Structure formats: C-alpha cells, structure tokens
file target_9.txt (compact mmCIF, C-alpha atoms)
# COMPACT_ATOMS: atom_id res chain seq x y z
CA MET A 20 93.96 58.05 82.83
CA PRO A 21 92.53 55.99 85.70
CA ARG A 22 90.01 53.36 84.68
CA ARG A 23 87.84 53.16 87.82
CA MET A 24 86.86 55.41 90.71
CA PHE A 25 84.86 55.40 93.92
CA ALA A 26 81.53 57.26 93.94
CA GLN A 27 78.50 57.76 96.16
CA VAL A 28 75.78 56.33 93.92
CA ILE A 29 71.97 56.43 93.80
CA ARG A 30 70.02 53.74 91.94
CA SER A 31 66.32 53.58 91.14
CA SER A 32 65.98 50.34 93.10
CA ARG A 33 66.79 52.03 96.42
CA LEU A 34 65.17 55.47 96.21
CA GLY A 35 63.99 56.75 99.56
CA GLU A 36 65.71 58.28 102.56
CA PRO A 37 69.15 59.71 101.66
CA ARG A 38 70.93 57.63 104.31
CA THR A 39 70.06 54.46 102.39
CA ALA A 40 69.67 55.78 98.83
CA PHE A 41 73.37 56.70 98.59
CA GLN A 42 75.85 53.83 98.59
CA LEU A 43 79.59 53.73 97.92
CA GLU A 44 80.40 51.90 94.68
CA GLN A 45 83.18 51.58 92.14
CA LEU A 46 82.39 52.86 88.64
CA GLU A 47 84.21 53.36 85.37
CA VAL A 48 85.72 56.83 84.96
CA PRO A 49 83.63 58.56 82.28
CA PRO A 50 85.17 59.17 78.85
CA LEU A 51 85.82 62.74 77.68
CA GLY A 52 84.30 64.51 74.71
CA PRO A 53 86.18 67.20 72.76
CA ARG A 54 85.09 70.04 75.10
CA ASP A 55 84.97 68.05 78.32
CA VAL A 56 87.22 68.37 81.35
CA LEU A 57 88.00 65.63 83.86
CA VAL A 58 88.39 67.12 87.34
CA LEU A 59 89.99 65.37 90.29
CA VAL A 60 87.45 66.29 92.96
CA MET A 61 88.96 67.63 96.18
CA ALA A 62 85.68 68.65 97.84
CA ALA A 63 82.00 68.83 96.95
CA GLY A 64 79.07 70.94 98.13
CA ILE A 65 75.78 69.64 99.52
CA ASN A 66 72.54 70.95 97.99
CA TYR A 67 68.86 70.10 98.23
CA ASN A 68 68.70 68.86 94.65
CA ASN A 69 70.32 65.58 95.65
CA VAL A 70 67.90 65.15 98.52
CA TRP A 71 65.31 65.14 95.73
CA ALA A 72 67.46 62.72 93.73
CA ALA A 73 67.73 60.33 96.68
CA GLN A 74 63.97 60.39 97.22
CA GLY A 75 63.09 60.18 93.53
CA THR A 76 60.93 63.29 93.96
CA PRO A 77 59.51 64.80 91.80
CA VAL A 78 61.25 62.58 89.21
CA ASP A 79 63.74 59.74 89.19
CA ALA A 80 67.00 61.53 88.40
CA CYS A 81 68.53 58.32 87.05
CA LYS A 82 66.07 58.34 84.17
CA LEU A 83 66.90 61.94 83.19
CA HIS A 84 70.35 61.02 81.93
CA ALA A 85 69.34 59.09 78.84
CA ARG A 86 68.43 62.28 76.99
CA TYR A 87 72.08 63.36 77.19
CA GLY A 88 73.48 59.99 76.16
CA GLU A 89 74.60 59.15 79.70
CA PRO A 90 73.99 55.99 81.75
CA SER A 91 70.50 55.94 83.26
CA ASP A 92 70.88 52.92 85.56
CA PHE A 93 72.60 54.98 88.27
CA HIS A 94 73.08 58.58 89.37
CA VAL A 95 76.26 60.23 90.59
CA GLY A 96 75.04 63.48 92.09
CA GLY A 97 76.79 66.60 93.31
CA SER A 98 76.39 70.01 91.70
CA ASP A 99 79.25 71.89 93.39
CA ALA A 100 82.93 71.00 93.30
CA SER A 101 86.44 72.24 93.80
CA GLY A 102 89.32 70.31 92.33
CA ILE A 103 92.21 69.99 89.95
CA VAL A 104 92.00 69.64 86.17
CA TYR A 105 93.25 66.11 85.47
CA ALA A 106 92.62 65.76 81.73
CA VAL A 107 91.03 67.80 78.93
CA GLY A 108 89.35 67.12 75.60
CA GLU A 109 91.04 68.01 72.33
CA LYS A 110 89.08 71.27 71.83
CA VAL A 111 89.49 72.63 75.36
CA THR A 112 91.31 75.99 75.42
CA ARG A 113 90.19 77.83 78.58
CA VAL A 114 91.71 75.52 81.21
CA ARG A 115 94.82 73.36 81.41
CA VAL A 116 95.84 70.23 83.25
CA GLY A 117 96.84 71.22 86.77
CA ASP A 118 94.53 74.24 87.06
CA HIS A 119 92.69 74.62 90.36
CA VAL A 120 89.01 75.17 89.60
CA VAL A 121 85.54 75.40 91.02
CA VAL A 122 82.70 74.03 88.94
CA HIS A 123 79.35 75.71 88.38
CA CYS A 124 76.43 73.45 87.59
CA GLY A 125 74.99 75.02 84.42
CA ARG A 126 75.41 73.02 81.19
CA TRP A 127 74.29 73.91 77.67
CA ASP A 128 75.13 73.52 74.00
CA GLU A 129 77.71 76.19 73.22
CA ASP A 130 77.23 75.61 69.48
CA ALA A 131 73.50 76.34 69.54
CA PRO A 132 72.82 79.16 67.04
CA GLU A 133 70.33 80.85 69.37
CA ILE A 134 72.99 81.14 72.09
CA ALA A 135 75.54 82.40 69.56
CA GLU A 136 73.03 85.10 68.59
CA GLY A 137 72.69 86.26 72.19
CA MET A 138 70.04 84.09 73.89
CA ASP A 139 70.61 83.65 77.59
CA PRO A 140 71.84 80.03 77.84
CA ALA A 141 69.50 79.43 80.77
CA PHE A 142 66.55 79.89 78.38
CA HIS A 143 67.82 77.39 75.80
CA PRO A 144 66.36 73.86 75.61
CA SER A 145 69.84 72.39 76.06
CA PHE A 146 70.29 74.02 79.49
CA HIS A 147 70.37 71.56 82.38
CA ILE A 148 71.94 71.06 85.79
CA TRP A 149 75.09 68.96 86.13
CA GLY A 150 74.95 66.49 88.98
CA TYR A 151 71.15 66.37 88.97
CA GLU A 152 69.74 66.30 85.45
CA SER A 153 73.01 64.92 84.14
CA ASN A 154 75.24 62.19 85.52
CA TRP A 155 78.87 62.21 86.69
CA GLY A 156 78.48 64.87 89.41
CA SER A 157 80.94 65.74 92.14
CA PHE A 158 80.20 62.88 94.54
CA ALA A 159 83.04 60.84 93.06
CA GLN A 160 86.81 60.87 92.86
CA PHE A 161 86.57 62.24 89.32
CA THR A 162 83.88 64.28 87.63
CA ARG A 163 83.28 65.06 83.96
CA VAL A 164 82.23 68.64 83.23
CA GLN A 165 82.04 70.98 80.27
CA GLU A 166 84.87 73.43 79.81
CA LEU A 167 82.40 76.30 80.21
CA GLN A 168 81.61 75.14 83.77
CA CYS A 169 85.12 75.76 85.11
CA LEU A 170 85.92 78.91 87.09
CA PRO A 171 89.09 79.78 89.02
CA LYS A 172 89.45 78.44 92.54
CA TRP A 173 90.84 81.30 94.65
CA PRO A 174 94.03 80.51 96.62
CA HIS A 175 92.79 81.98 99.91
CA LEU A 176 89.89 79.50 100.09
CA THR A 177 90.22 75.95 101.37
CA TRP A 178 88.99 73.19 99.08
CA GLU A 179 85.83 72.80 101.14
CA GLU A 180 85.17 76.56 101.32
CA ALA A 181 85.54 76.80 97.55
CA ALA A 182 83.26 73.81 96.93
CA ALA A 183 80.34 74.89 99.11
CA PRO A 184 78.71 78.09 97.75
CA THR A 185 78.62 78.25 93.94
CA LEU A 186 75.23 76.66 93.22
CA VAL A 187 73.36 78.63 95.87
CA GLY A 188 75.41 81.79 95.36
CA ALA A 189 75.06 82.00 91.59
CA THR A 190 71.37 81.12 91.89
CA ALA A 191 70.86 83.95 94.38
CA TYR A 192 72.88 86.33 92.19
CA ARG A 193 70.61 85.74 89.19
CA MET A 194 67.48 85.99 91.33
CA LEU A 195 68.47 89.34 92.79
CA HIS A 196 70.40 90.93 89.89
CA GLY A 197 69.06 89.22 86.78
CA TRP A 198 65.48 90.44 86.33
CA THR A 199 65.50 94.09 85.27
CA PRO A 200 64.00 96.41 86.45
CA ASN A 201 63.28 94.41 89.62
CA THR A 202 66.83 94.19 90.92
CA LEU A 203 68.52 95.02 94.21
CA LYS A 204 68.61 98.75 94.90
CA LYS A 205 70.12 100.79 97.69
CA GLY A 206 67.85 101.31 100.65
CA GLU A 207 65.03 99.06 99.44
CA PRO A 208 63.59 96.32 101.69
CA VAL A 209 64.00 92.66 100.76
CA LEU A 210 62.31 89.62 102.29
CA VAL A 211 64.53 86.52 102.36
CA TRP A 212 62.88 83.18 103.11
CA GLY A 213 65.08 80.58 104.79
CA GLY A 214 67.66 83.20 105.70
CA ALA A 215 69.95 80.78 107.55
CA GLY A 216 70.05 78.21 104.73
CA GLY A 217 72.45 78.00 101.82
CA LEU A 218 70.37 80.16 99.48
CA GLY A 219 69.32 82.57 102.19
CA CYS A 220 72.79 83.29 103.56
CA MET A 221 73.96 84.19 100.05
CA ALA A 222 70.89 86.37 99.42
CA ILE A 223 71.40 88.31 102.65
CA GLN A 224 75.03 89.04 101.79
CA LEU A 225 74.23 90.08 98.21
CA ALA A 226 71.49 92.41 99.46
CA VAL A 227 73.84 94.00 101.98
CA LEU A 228 76.51 94.51 99.31
CA ALA A 229 73.95 96.37 97.17
CA GLY A 230 72.92 98.58 100.08
CA ALA A 231 69.47 96.98 100.35
CA ARG A 232 67.85 96.07 103.68
CA PRO A 233 67.20 92.33 104.02
CA VAL A 234 64.78 90.87 106.55
CA ALA A 235 65.28 87.13 107.01
CA VAL A 236 62.66 84.49 107.82
CA VAL A 237 64.02 81.89 110.25
CA SER A 238 62.83 79.06 112.51
CA SER A 239 64.75 79.79 115.72
CA GLU A 240 66.49 82.53 117.66
CA GLU A 241 69.84 80.89 116.99
CA ARG A 242 69.26 81.15 113.25
CA ALA A 243 68.09 84.73 113.70
CA GLY A 244 71.44 85.56 115.27
CA PHE A 245 73.30 83.96 112.36
CA CYS A 246 71.35 86.07 109.84
CA LYS A 247 71.98 89.28 111.77
CA GLN A 248 75.70 88.54 111.78
CA LEU A 249 75.51 88.43 107.97
CA GLY A 250 73.85 91.85 107.89
CA ALA A 251 70.10 91.21 108.04
CA VAL A 252 68.42 94.28 109.53
CA GLY A 253 65.84 92.07 111.24
CA THR A 254 64.31 88.61 111.34
CA ILE A 255 60.89 86.95 111.55
CA ASN A 256 60.35 83.59 113.23
CA ARG A 257 57.99 81.65 110.96
CA ARG A 258 56.97 79.40 113.86
CA ASN A 259 54.96 82.31 115.27
CA PHE A 260 52.46 81.93 112.40
CA ASP A 261 50.19 79.12 111.22
CA HIS A 262 48.52 80.36 108.04
CA TRP A 263 50.95 78.53 105.74
CA GLY A 264 49.88 76.53 102.73
CA MET A 265 47.67 76.97 99.72
CA LEU A 266 45.02 79.68 99.78
CA PRO A 267 41.46 78.81 100.75
CA HIS A 268 39.06 79.26 97.86
CA TRP A 269 37.97 82.88 97.54
CA THR A 270 34.32 81.86 97.86
CA ASP A 271 34.98 80.41 101.33
CA THR A 272 34.83 83.78 103.03
CA ALA A 273 35.43 82.60 106.59
CA ALA A 274 38.50 80.51 105.71
CA TYR A 275 39.90 83.22 103.46
CA ASP A 276 39.48 85.83 106.18
CA ARG A 277 41.37 83.62 108.65
CA TRP A 278 44.20 83.26 106.15
CA MET A 279 44.22 87.01 105.59
CA GLU A 280 44.55 87.65 109.32
CA GLY A 281 47.66 85.48 109.38
CA ALA A 282 49.13 87.17 106.29
CA LYS A 283 48.53 90.64 107.73
CA ALA A 284 50.13 89.63 111.03
CA PHE A 285 53.16 88.41 109.11
CA GLY A 286 53.24 91.72 107.24
CA LYS A 287 53.25 93.64 110.51
CA ALA A 288 56.11 91.46 111.72
CA PHE A 289 58.01 92.46 108.57
CA TRP A 290 57.44 96.15 109.30
CA ASP A 291 58.61 95.68 112.89
CA ALA A 292 61.75 93.84 111.77
CA LEU A 293 62.51 96.48 109.14
CA GLY A 294 61.80 99.36 111.48
CA GLU A 295 59.55 101.03 108.91
CA LYS A 296 56.02 100.54 107.61
CA ARG A 297 57.14 99.54 104.14
CA ASN A 298 56.68 96.33 102.15
CA PRO A 299 59.49 94.46 100.37
CA THR A 300 60.20 95.44 96.78
CA LEU A 301 61.88 92.05 96.30
CA VAL A 302 60.83 88.75 97.86
CA PHE A 303 63.42 85.95 97.66
CA GLU A 304 61.26 82.79 97.43
CA HIS A 305 62.08 79.11 97.43
CA PRO A 306 59.86 77.25 99.97
CA GLY A 307 57.04 77.38 97.41
CA GLU A 308 53.68 75.89 98.31
CA SER A 309 53.62 77.01 101.95
CA THR A 310 54.80 80.56 101.50
CA THR A 311 54.10 81.86 97.99
CA PRO A 312 50.59 83.23 98.78
CA THR A 313 52.03 85.29 101.65
CA SER A 314 54.94 86.46 99.50
CA ILE A 315 52.63 87.75 96.78
CA PHE A 316 50.34 89.42 99.30
CA LEU A 317 53.21 91.18 101.07
CA CYS A 318 55.23 92.26 98.03
CA GLN A 319 55.18 96.00 97.30
CA THR A 320 53.14 97.36 94.40
CA GLY A 321 55.33 97.05 91.30
CA GLY A 322 57.67 94.69 93.15
CA MET A 323 58.71 91.15 92.39
CA VAL A 324 58.49 87.73 93.99
CA VAL A 325 61.33 85.67 92.49
CA THR A 326 61.43 81.93 93.07
CA CYS A 327 63.88 79.12 92.30
CA ALA A 328 62.39 76.11 94.10
CA GLY A 329 59.49 74.53 95.93
CA THR A 330 60.94 72.69 98.90
CA THR A 331 57.54 72.57 100.68
CA GLY A 332 55.63 71.62 97.52
CA TYR A 333 54.89 72.79 94.00
CA ASN A 334 51.15 73.59 93.94
CA ALA A 335 51.45 77.18 95.09
CA THR A 336 48.25 79.21 94.74
CA VAL A 337 47.96 82.84 93.66
CA ASP A 338 45.32 85.47 94.31
CA LEU A 339 45.50 87.06 90.88
CA ARG A 340 43.98 90.30 92.15
CA TYR A 341 47.29 91.16 93.83
CA LEU A 342 49.15 90.58 90.57
CA TRP A 343 47.01 92.63 88.24
CA MET A 344 45.65 95.33 90.56
CA ARG A 345 49.00 95.97 92.27
CA GLN A 346 51.03 95.10 89.16
CA LYS A 347 53.30 92.69 90.98
CA ARG A 348 55.61 90.27 89.24
CA LEU A 349 55.99 86.55 89.95
CA GLN A 350 59.26 85.51 88.32
CA GLY A 351 60.81 82.07 88.03
CA SER A 352 64.61 81.81 88.09
CA HIS A 353 66.81 78.77 87.44
CA PHE A 354 70.49 78.73 88.42
CA ALA A 355 72.51 81.23 86.31
CA ASN A 356 74.37 81.83 83.08
CA ARG A 357 78.18 81.83 82.96
CA ASP A 358 78.50 85.61 83.36
CA GLN A 359 76.38 85.52 86.50
CA ALA A 360 78.24 82.54 87.96
CA ALA A 361 81.54 84.29 87.21
CA ALA A 362 80.33 87.54 88.79
CA PHE A 363 79.46 85.67 91.97
CA ASN A 364 82.86 83.95 91.94
CA GLU A 365 84.58 87.34 91.64
CA LEU A 366 82.87 88.49 94.83
CA LEU A 367 84.38 85.47 96.58
CA ARG A 368 87.82 86.34 95.22
CA ASP A 369 87.61 89.85 96.65
CA GLY A 370 86.49 88.55 100.03
CA ARG A 371 83.25 90.52 99.77
CA LEU A 372 81.21 87.38 100.37
CA SER A 373 81.67 84.55 102.84
CA PRO A 374 81.09 80.96 101.67
CA CYS A 375 79.26 80.46 105.00
CA LEU A 376 80.69 76.97 105.36
CA SER A 377 79.24 75.57 108.57
CA ARG A 378 80.26 71.92 108.55
CA THR A 379 82.52 69.60 106.58
CA PHE A 380 81.83 65.87 106.30
CA SER A 381 83.95 62.93 105.26
CA PHE A 382 83.17 61.23 101.96
CA GLY A 383 81.65 58.29 103.79
CA SER A 384 79.29 60.59 105.72
CA LEU A 385 77.73 62.03 102.56
CA PRO A 386 74.42 60.12 103.00
CA GLU A 387 74.02 61.41 106.54
CA ALA A 388 74.68 65.01 105.44
CA HIS A 389 71.80 64.74 102.97
CA GLN A 390 69.61 63.10 105.61
CA LEU A 391 70.17 66.09 107.90
CA MET A 392 69.17 68.43 105.08
CA SER A 393 66.10 66.33 104.29
CA GLU A 394 64.97 66.58 107.93
CA ASN A 395 65.81 70.31 108.16
CA LYS A 396 68.34 69.49 110.90
CA HIS A 397 71.38 70.73 109.01
CA PRO A 398 73.48 73.58 110.41
CA ASP A 399 73.23 77.17 109.25
CA GLY A 400 74.83 78.13 105.96
CA ASN A 401 76.47 75.60 103.62
CA MET A 402 77.89 72.11 104.01
CA ALA A 403 80.68 70.35 102.12
CA ILE A 404 82.27 66.91 101.94
CA LEU A 405 85.91 66.03 101.47
CA VAL A 406 86.56 63.78 98.48
CA GLY A 407 90.20 63.94 97.39
CA ALA A 408 91.34 66.35 100.10
CA PRO A 409 92.68 64.22 102.98
CA ARG A 410 91.73 66.68 105.73
CA PRO A 411 89.98 70.03 106.20
CA GLY A 412 91.86 73.29 105.95
CA LEU A 413 93.99 72.58 102.87
CA LYS A 414 94.20 75.22 100.16
CA ASP A 415 96.53 73.40 97.79
CA VAL A 416 97.77 69.89 97.04
CA PRO A 417 98.98 68.33 100.31
call {"tool": "encode", "arguments": {"input": "target_9.txt", "output": "structure tokens"}}
result
Amino acid sequence: MPRRMFAQVIRSSRLGEPRTAFQLEQLEVPPLGPRDVLVLVMAAGINYNNVWAAQGTPVDACKLHARYGEPSDFHVGGSDASGIVYAVGEKVTRVRVGDHVVVHCGRWDEDAPEIAEGMDPAFHPSFHIWGYESNWGSFAQFTRVQELQCLPKWPHLTWEEAAAPTLVGATAYRMLHGWTPNTLKKGEPVLVWGGAGGLGCMAIQLAVLAGARPVAVVSSEERAGFCKQLGAVGTINRRNFDHWGMLPHWTDTAAYDRWMEGAKAFGKAFWDALGEKRNPTLVFEHPGESTTPTSIFLCQTGGMVVTCAGTTGYNATVDLRYLWMRQKRLQGSHFANRDQAAAFNELLRDGRLSPCLSRTFSFGSLPEAHQLMSENKHPDGNMAILVGAPRPGLKDVP
C-alpha cells in the first residue's frame, strides 16, 4: 500500500474562485474499512458540486466530513471516477483487486435495518454524496469508496469517457424514471433546462430512448445544434426572455402581469419548438430560483416538475394555485440508488447513450476546468480530467 498521494485539495482558508481554491498537495492515503475499496484513479469527472465546494456555498464542504469520522481540515472533491481496484477491505466480496470500475457517488449504511426492509437508500439519513459531503473523492491518485459504489467500467470506453457521465446520468435517470406515475412515456413532451450541460445532455438522450419528445432550453444557437444532434425535437433560447427570477407578490398586479406575459411567451416558444400546442408533462429542473416559477406555470395539468439543484439560487417561489388547481407535482430528486445507477451504466454498456465527453483536462488544469464551469464558459456536455491515465484515448492499462 502506498503511504502518500497527490491530490487537488480545497481548504477553508482559501475558499473562493475555483482557480485559487484548489491547490495540489500531498496527503496520506486514507485507510480502508472492512467494506471499503481503494481505487487507483485513472480519470475523474467534473461536476458543479465542487464549484460549490470551492466557493464554500451554500456550506463549507470541509466541515461536512466530521459527521462521517473523516478529516474536516481539507476537502478532496470529485464525485465521478474510473479506475482500477488497488486494495479491498476484509468484507468486500463484489469486486477484486485489478477490476476496472466506475464509481457512483451515492453512499449509505448498508446495515441500516430500514434499508434492509426495503427503504430506498436515497431516503435514509445515512445517504450522502461521496466527493462532496464526504472526503477522499476522485481528485487524487487514490480514492476510498464503499464497495456498493463500484460498477463495471466497460471496455469500449476510454478512461475519461467512463469517468465523465455517471453522476449526471444516474441523477437524470432517477429524475425521469423514478417518480411513478410521472415518468417518461412515449410521445409525451418534456422540457429540459440547460439542455447542453451535463445533466441536460443525459436527460435529452434518456427522453429519446423512451420515445418522449424533449425540448431543450439553451443559451446560444451553437448549443441548440448540439441538443438537436442528441435528439431534441426543438430548442428555446432563454436569452430571448427576461422574466426570470422569483415571482412578484400576487398583490402587485402590474408586476405580476408583466411576469405572466413573459411566462406565456415562453410557453408559446415551447409550443413552437414542439410543433404542437401542448405543454410538457415532465419538466427537468435544476437552475432553481430563476426558472422554477416558469416551470410550474408551464407544466401540464397532472404533470411534474422534478428538480435536483438550484444553480441560480435556492429561494424559488411557487404560485400555489397552479399546484392545487391543476394538480401539478413539484418533486425533489437527489442522485440515485444503486439500481438506478446500475441501470444507467447498462445503457452505456449497450452504446445506447453517449457520455457526451466534450473536453479532457490534465490533472494540473483541474482548477481551471471548475472555473470555466463556474463562469458558464465550459463546453457542451461533460468534462473529465486525467489522473492516473498518462494520455487521452486509453481504454486499459498503458
């Protein structure tokens, strides 16, 4: 077992812009528990959660670790990885040293009686996200994960392709398939916010696979073209509208009417993009504060707005009349359970989904990759960094 490793590290004393919050340091390799697996990281995915970690917003991720008995004076982020099993704890039975794996980011107490009796692990108090709420993520030469987090890495994928999509893909899978009866159905319209981003590109593909008709919200014609290549039936450029943000108070009639004009115009744009005067039965939400009022207004009667984030803010407002009178559903969704993560991974194995890897960075460029994401200047799709892999394009040990 190696004693030390290099890692891209965040500390509370330098929270701020990602380009300065992350710094390369040497750390001790974490010890293994009975059901833990040490993975030699070949590549890691880039996600917005470690933009939050770098900024210390909405919480200081370093301080979250103490509840799990992990060091809280630093944070090693990274919630997606591909790599090779390097060592295993004494009770590990599902993977062996030398296995090529991808790592999903859900962690929970497998021995919890409620989970043994059938509770969805994502509902259990022990559920948390590796590489954000817990330490020892994938932005290091070695990462410590639970055995239950390991899934097969498919031979046809490069290390970076395998590392990039699992967090966003499994999250999108649960959002669109996990909330019966409001799940993807053939022929039904779906609104996908941020269609060219990591979450959005997965949502579009999953909708197409189910025979649904996704309309993607984008910020440029270039991103519209990317979404259409993935199968979106149409796109809406959000820059053509300015009614974003929290609702005016309902007693301010003039302001509310102005907001309503903007929301109705956006709704017409959805109909035009879809090619039919029909509202979405599913709305795939994650911007949050800026867009949730429009999502709830536009959603079809009996439909669902499902959300997993709040990248524009967390104080989203709701006109309750549209929930109770039109019987709409506003559903929160947080990553996935193991079955859902495995189902997404199977779609990658069969080649039915693309990882949508747009750009691969060196390990030293990790801070800049997060800075691009923070400034919304990142490329379409997903990004990855090389950690142990010496160059892009490798599918096995060099």
call {"tool": "residues_around", "arguments": {"input": "target_9.txt", "residues": "Arg357 (chain A)", "least_positions_apart": "2", "cutoff": "8 Å", "atoms": "all atoms listed in the file", "output": "list in words"}}
result
Gly125, Leu167, Gln168, Ala355, Gln359, Ala360 and Ala361 of chain A
call {"tool": "residues_around", "arguments": {"input": "target_9.txt", "residues": "Leu339 (chain A)", "least_positions_apart": "6", "cutoff": "12 Å", "atoms": "only C-alpha atoms", "output": "list of chain:residue names"}}
result
A:Leu266, A:Trp269, A:Pro312, A:Ile315, A:Phe316, A:Arg345, A:Gln346, A:Lys347, A:Arg348, A:Leu349
call {"tool": "residues_around", "arguments": {"input": "target_9.txt", "residues": "Ala131 (chain A)", "least_positions_apart": "4", "cutoff": "12 Å", "atoms": "all atoms listed in the file", "output": "PyMOL selection string"}}
result
chain A and resi 127+135-140+142-146
call {"tool": "write_last_selection", "arguments": {"input": "target_9.txt", "atoms": "C-alpha atoms", "output": "short mmCIF file (atom, residue, chain, number, x, y, z; two decimals), in the frame of the given file"}}
result
data_model
loop_
_atom_site.label_atom_id
_atom_site.label_comp_id
_atom_site.auth_asym_id
_atom_site.auth_seq_id
_atom_site.Cartn_x
_atom_site.Cartn_y
_atom_site.Cartn_z
CA TRP A 127 74.29 73.91 77.67
CA ALA A 135 75.54 82.40 69.56
CA GLU A 136 73.03 85.10 68.59
CA GLY A 137 72.69 86.26 72.19
CA MET A 138 70.04 84.09 73.89
CA ASP A 139 70.61 83.65 77.59
CA PRO A 140 71.84 80.03 77.84
CA PHE A 142 66.55 79.89 78.38
CA HIS A 143 67.82 77.39 75.80
CA PRO A 144 66.36 73.86 75.61
CA SER A 145 69.84 72.39 76.06
CA PHE A 146 70.29 74.02 79.49
#
call {"tool": "closest_residue", "arguments": {"input": "target_9.txt", "among": "A:Ala63, A:Val227, A:Val302, A:Ala72", "to": "His123 (chain A)", "atoms": "all atoms listed in the file"}}
result
A:Ala63
call {"tool": "closest_residue", "arguments": {"input": "target_9.txt", "among": "A:Arg410, A:His262, A:Arg86, A:Arg368", "to": "Lys172 (chain A)", "atoms": "only C-alpha atoms"}}
result
A:Arg368
call {"tool": "closest_residue", "arguments": {"input": "target_9.txt", "among": "A:Pro233, A:Gly97, A:Pro90, A:Gly307", "to": "Tyr67 (chain A)", "atoms": "only C-alpha atoms"}}
result
A:Gly97
call {"tool": "closest_residue", "arguments": {"input": "target_9.txt", "among": "A:Thr162, A:Asn401, A:Gln390, A:Ser239", "to": "Pro37 (chain A)", "atoms": "all atoms listed in the file"}}
result
A:Gln390
call {"tool": "closest_atom_pairs", "arguments": {"input": "target_9.txt", "of": "region 223-316 of chain A", "to": "region 371-389 of chain A", "cutoff": "10 Å", "atoms": "all atoms listed in the file", "output": "Markdown table"}}
result
| residue | atom | partner | partner_atom | distance |
| --- | --- | --- | --- | --- |
| A:Gln224 | CA | A:Leu372 | CA | 6.6 |
| A:Leu225 | CA | A:Leu372 | CA | 7.8 |
| A:Leu228 | CA | A:Arg371 | CA | 7.8 |
| A:Leu249 | CA | A:Ser373 | CA | 8.9 |
call {"tool": "atom_distance", "arguments": {"input": "target_9.txt", "atom1": "CA of Lys247 (chain A)", "atom2": "CA of Gly197 (chain A)"}}
result
25.2 Å
call {"tool": "residues_around", "arguments": {"input": "target_9.txt", "residues": "Trp173 (chain A)", "least_positions_apart": "5", "cutoff": "9 Å", "atoms": "only C-alpha atoms", "output": "ChimeraX atom specification"}}
result
/A:119-121,181,364,367-368,414
call {"tool": "closest_residue", "arguments": {"input": "target_9.txt", "among": "A:Thr39, A:Ser309, A:Gln248, A:Gly230", "to": "Asp261 (chain A)", "atoms": "only C-alpha atoms"}}
result
A:Ser309
call {"tool": "atom_distance", "arguments": {"input": "target_9.txt", "atom1": "CA of Ala274 (chain A)", "atom2": "CA of Val209 (chain A)"}}
result
28.7 Å
call {"tool": "residues_around", "arguments": {"input": "target_9.txt", "residues": "Ser31 (chain A)", "least_positions_apart": "4", "cutoff": "9 Å", "atoms": "only C-alpha atoms", "output": "ChimeraX atom specification"}}
result
/A:40,73,75,79-82,92-94
call {"tool": "closest_residue", "arguments": {"input": "target_9.txt", "among": "A:Ile255, A:Ala62, A:Ala229, A:Val325", "to": "Pro411 (chain A)", "atoms": "only C-alpha atoms"}}
result
A:Ala62
call {"tool": "atom_distance", "arguments": {"input": "target_9.txt", "atom1": "CA of Val104 (chain A)", "atom2": "CA of Val58 (chain A)"}}
result
4.6 Å
call {"tool": "residues_near_point", "arguments": {"input": "target_9.txt", "point": "(93.2, 68.2, 78.5)", "cutoff": "7 Å", "atoms": "all atoms listed in the file", "output": "PyMOL selection string"}}
result
chain A and resi 56+106-109+111+115-116
call {"tool": "write_last_selection", "arguments": {"input": "target_9.txt", "atoms": "C-alpha atoms", "output": "PDB file, in the coordinates of the input"}}
result
ATOM      1  CA  VAL A  56      87.220  68.370  81.350  1.00  0.00           C
ATOM      2  CA  ALA A 106      92.620  65.760  81.730  1.00  0.00           C
ATOM      3  CA  VAL A 107      91.030  67.800  78.930  1.00  0.00           C
ATOM      4  CA  GLY A 108      89.350  67.120  75.600  1.00  0.00           C
ATOM      5  CA  GLU A 109      91.040  68.010  72.330  1.00  0.00           C
ATOM      6  CA  VAL A 111      89.490  72.630  75.360  1.00  0.00           C
ATOM      7  CA  ARG A 115      94.820  73.360  81.410  1.00  0.00           C
ATOM      8  CA  VAL A 116      95.840  70.230  83.250  1.00  0.00           C
TER       9      VAL A 116
END
call {"tool": "decode", "arguments": {"input": "target_9.txt", "residues": "region 53-63 of chain A", "atoms": "N, CA, C and O atoms", "output": "JSON list (two decimals), in the first residue's frame"}}
result
[["chain", "number", "residue", "atom", "x", "y", "z"],
["A", 53, "PRO", "N", -13.69, -2.26, 6.61],
["A", 53, "PRO", "CA", -13.96, -3.63, 6.15],
["A", 53, "PRO", "C", -14.66, -3.71, 4.79],
["A", 53, "PRO", "O", -14.43, -4.65, 4.03],
["A", 54, "ARG", "N", -15.52, -2.73, 4.47],
["A", 54, "ARG", "CA", -16.26, -2.76, 3.21],
["A", 54, "ARG", "C", -15.79, -1.68, 2.24],
["A", 54, "ARG", "O", -16.49, -1.36, 1.27],
["A", 55, "ASP", "N", -14.62, -1.14, 2.48],
["A", 55, "ASP", "CA", -14.09, -0.09, 1.62],
["A", 55, "ASP", "C", -13.23, -0.67, 0.51],
["A", 55, "ASP", "O", -12.68, -1.77, 0.61],
["A", 56, "VAL", "N", -13.11, 0.13, -0.55],
["A", 56, "VAL", "CA", -12.29, -0.21, -1.71],
["A", 56, "VAL", "C", -11.38, 0.97, -2.01],
["A", 56, "VAL", "O", -11.84, 2.12, -2.02],
["A", 57, "LEU", "N", -10.10, 0.69, -2.21],
["A", 57, "LEU", "CA", -9.17, 1.73, -2.65],
["A", 57, "LEU", "C", -9.02, 1.61, -4.16],
["A", 57, "LEU", "O", -8.66, 0.55, -4.68],
["A", 58, "VAL", "N", -9.33, 2.70, -4.86],
["A", 58, "VAL", "CA", -9.29, 2.71, -6.32],
["A", 58, "VAL", "C", -8.15, 3.61, -6.78],
["A", 58, "VAL", "O", -8.02, 4.75, -6.33],
["A", 59, "LEU", "N", -7.31, 3.08, -7.66],
["A", 59, "LEU", "CA", -6.32, 3.88, -8.36],
["A", 59, "LEU", "C", -7.06, 4.66, -9.44],
["A", 59, "LEU", "O", -7.60, 4.07, -10.39],
["A", 60, "VAL", "N", -7.15, 5.96, -9.28],
["A", 60, "VAL", "CA", -7.97, 6.79, -10.16],
["A", 60, "VAL", "C", -7.24, 7.00, -11.49],
["A", 60, "VAL", "O", -6.13, 7.53, -11.52],
["A", 61, "MET", "N", -7.90, 6.62, -12.57],
["A", 61, "MET", "CA", -7.36, 6.88, -13.90],
["A", 61, "MET", "C", -7.88, 8.19, -14.48],
["A", 61, "MET", "O", -7.16, 8.93, -15.13],
["A", 62, "ALA", "N", -9.16, 8.47, -14.24],
["A", 62, "ALA", "CA", -9.75, 9.73, -14.70],
["A", 62, "ALA", "C", -10.90, 10.09, -13.77],
["A", 62, "ALA", "O", -11.45, 9.23, -13.09],
["A", 63, "ALA", "N", -11.24, 11.37, -13.75],
["A", 63, "ALA", "CA", -12.32, 11.86, -12.89],
["A", 63, "ALA", "C", -13.21, 12.80, -13.68],
["A", 63, "ALA", "O", -12.76, 13.47, -14.62]]
